[in-house]
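Shown next, in structure tokens, is the structure this report addresses.
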Amino acid sequence: MARLANAQFTIEFPETDDFGAEDIGFQIIYDEESKYYRGQGATLVPQLQTGDINWTSLPPEQEINMPQTDWRKGMGRDRTIGSNWQRYLKADNCDASALNKIIPGPRVQQATGATLDGTPVRIFESASGVNYVAAGEKIYSLTSGTITEVWAGAGQTITDVAVLDKVYIALGGSNKFYFSSDMSTFTEASHADSKADLFTVRDHYLGKIINEFRVSIDPSSSTPVWSVAEFIGGDSNTIGSSAYNVNWAEPYEGEWYFGKANGMWIIDTSGSARQLYKAPYISTNNYKPMLELQGALYYPMGNAGFHVFTTTGGPVLISPALYARDARGHTGRPMAMAGDAEWLYVCTEPLSGESTKLLKVRLEDVDGDTDYRWHGAIAQIELDDVRHMRVFSPGVTSNPELWIAGELSGTPAIYYIVLPKNYSEIED
């Protein structure tokens with residue numbers, strides 16, 4: 001059952017896929033005992049006029065039709081009054097983001113095939129345009145909803161994957177990384193410095209992180225040229241204290257950004273490392289993950305915070321919990337995210353015993369009011385720990401796909417959703 005709920009009304013869709021929003025012809029009425037029911041409310045009689053349609057301005061026995069088609073201001077209000085008519089409290093498995101439409105949420109499909117070796121680490125696309133996931137010690141292809149093992153690994157747990165001229169596979173700072181140009185043959189790097197916990201890519205540079213940060217334009221060479229180290233800790237030229245690991249590294253506007261438990265750091269175009277912001281409190285959830293999308297940098301903070309950062313505006317709090325304080329089950333910690341040309345998709349940490357909620361957000365002007373518009377949950381994913389998300393485009397003639405990898409009660413699983421090619425025709 002798909003439901004769009006509000007303190008004054010609720011809209012429900014039946015458990016079927018073969019209908020459109022325009023086919024549902026019932027009226028939703030709210031009574032004073034906070035009960036929802038379907039019925040036909042009488043229209044206002046001509047003798048009664050009011051400039052403010054609400055319960056206090058009407059006779060107590062009057063039932064009214066309250067038609068509304070525009071919900072683009074998103075989730076976050078327990079009452080839609082005044083300037084907030086276009087908001088709703090929360091949604092379950094339906095999407096109210098398009099003008100004059102409320103439609104069932106997208107179909108969530110589970111990838112099947114090979115059993116994942118362990119916790120998913122990263123979903124990535126090779127240079128040849130194939131979708132893959134690294135999980136445990138192995139790598140698998142994700143094609144037509146099927147999981148297929150393509151590399152059995154080297155006996156070490158994969159800690160990260162990056163794509164530059166080749167696919168690079170990090171196996172932790174004590175082991176040399178592997179690389180592949182065709183995802184068929186995998187080669188261990190030979191140079192002593194070819195080790196990494198994490199990777200990041202900017203332009204034609206591969207950055208690697210252990211307790212230091214170095215970059216190279218030829219990381220697969222037997223004699224790669226690695227830059228002079230910018231140390232994560234333990235040196236006069238540091239990227240923060242060595243007491244805190246880098247949780248995530250992300251390029252943004254031509255510079256390297258590093259999220260640590262205690263703050264955000266940057267190595268700018270001159271090669272200088274400096275701290276941009278101190279975290280309000282230390283947490284391993286800070287800045288994990290970070291994502292550059294449409295000219296901004298997004299990242300979680302602590303247990304429920306979520307920020308958007310720009311070089312002109314600095315960090316701005318836009319967490320679901322800020323916009324929808326009463327939307328129980330929808331405002332947990334943002335665990336993973338992915339974006340396309342229209343929306344940023346976010347999976348939030350669920351309540352105990354529940355599944356993660358899939359929300360989407362963007363900065364949008366609705367009738368002259370510009371704000372971040374959260375919509376959700378457009379779907380529920382049968383995971384309680386989401387590790388990575390990615391939007392994959394199979395080709396120009398195919399719909400893009402949103403892939404979501406994580407675990408449910410410790411068992412790894414992968415799901416995907418077919419996204420619209422044209423958001424103006426979202427119901428298609």
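Order determines the names: the first chain of the structure tokens is A, the second B, and so forth; residues in each chain are numbered 1 upward, and ligands are numbered 1 upward as they are shown.
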
key: Within 8 Å of segment 193-208 of chain A using only C-alpha atoms, minus same-chain residues under 3 positions, as a ChimeraX atom specification   = /A:159-164,170-177,189-190,212-217,219,248-251,254,256

task = From a DSSP calculation on the backbone, collect every residue of segment 148-395 of chain A in strand (DSSP E) and output the set as a PyMOL selection string.
result = chain A and resi 148-151+160-163+167-170+172-176+178-180+187-188+195-196+198-202+205-209+212-216+230-231+246-252+255-260+263-267+273-278+291-293+296-301+305-310+314-317+334-339+344-348+356-366+369-381+385-392

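For segment 102-342 of chain A, backbone-based DSSP labels the following residues as alpha helix (DSSP H): Pro320, Ala321, Leu322 and Tyr323 of chain A.
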
key: Shell of 10 Å around segment 350-353 of chain A, only C-alpha atoms, local chain residues under 2 positions omitted, as a PyMOL selection string   = chain A and resi 328-335+347-348+355-357+380+383-385+408-409

task = For Gly113 of chain A, list every protein, DNA or RNA residue within 9 Å, evaluated using only C-alpha atoms, and leave out those in the same chain fewer than 4 positions away; present the list as number ranges by chain.
result = A: 145-148

Keeping only C-alpha atoms, take the residues you just selected and write them out as an mmCIF file, in the first residue's frame.
```cif
data_model
loop_
_atom_site.group_PDB
_atom_site.id
_atom_site.type_symbol
_atom_site.label_atom_id
_atom_site.label_comp_id
_atom_site.auth_asym_id
_atom_site.auth_seq_id
_atom_site.Cartn_x
_atom_site.Cartn_y
_atom_site.Cartn_z
ATOM 1 C CA GLY A 145 19.889 -7.309 -12.684
ATOM 2 C CA THR A 146 22.287 -10.257 -12.470
ATOM 3 C CA ILE A 147 25.295 -10.508 -10.138
ATOM 4 C CA THR A 148 28.238 -12.341 -11.746
#
```

query = A:Lys360, A:Gly240, A:Ile426, A:Val316: which is nearest Lys101 of chain A, counting only C-alpha atoms?
reply = A:Ile426

Would you list the contacts of Gly129 of chain A as a PDB file with C-alpha atoms, in the first residue's frame, taking every protein, DNA or RNA residue within 8 Å and counting only C-alpha atoms, but skipping same-chain residues closer than 3 positions in sequence?
```pdb
ATOM      1  CA  GLU A 125      31.599   1.720 -13.775  1.00  0.00           C
ATOM      2  CA  SER A 126      34.546   0.542 -15.848  1.00  0.00           C
ATOM      3  CA  PRO A 394      23.390   1.670 -19.529  1.00  0.00           C
TER       4      PRO A 394
END
```

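Excluding Val308 of chain A itself and any same-chain residue fewer than 6 positions from it, the protein and nucleic acid residues within 10 Å of it, counting only C-alpha atoms, are Met290, Leu291, Glu292, Leu293, Ala296, Leu297, Tyr298, Tyr299, Pro300, Gly314, Pro315, Val316, Leu317, Ile318 and Ser319 of chain A.
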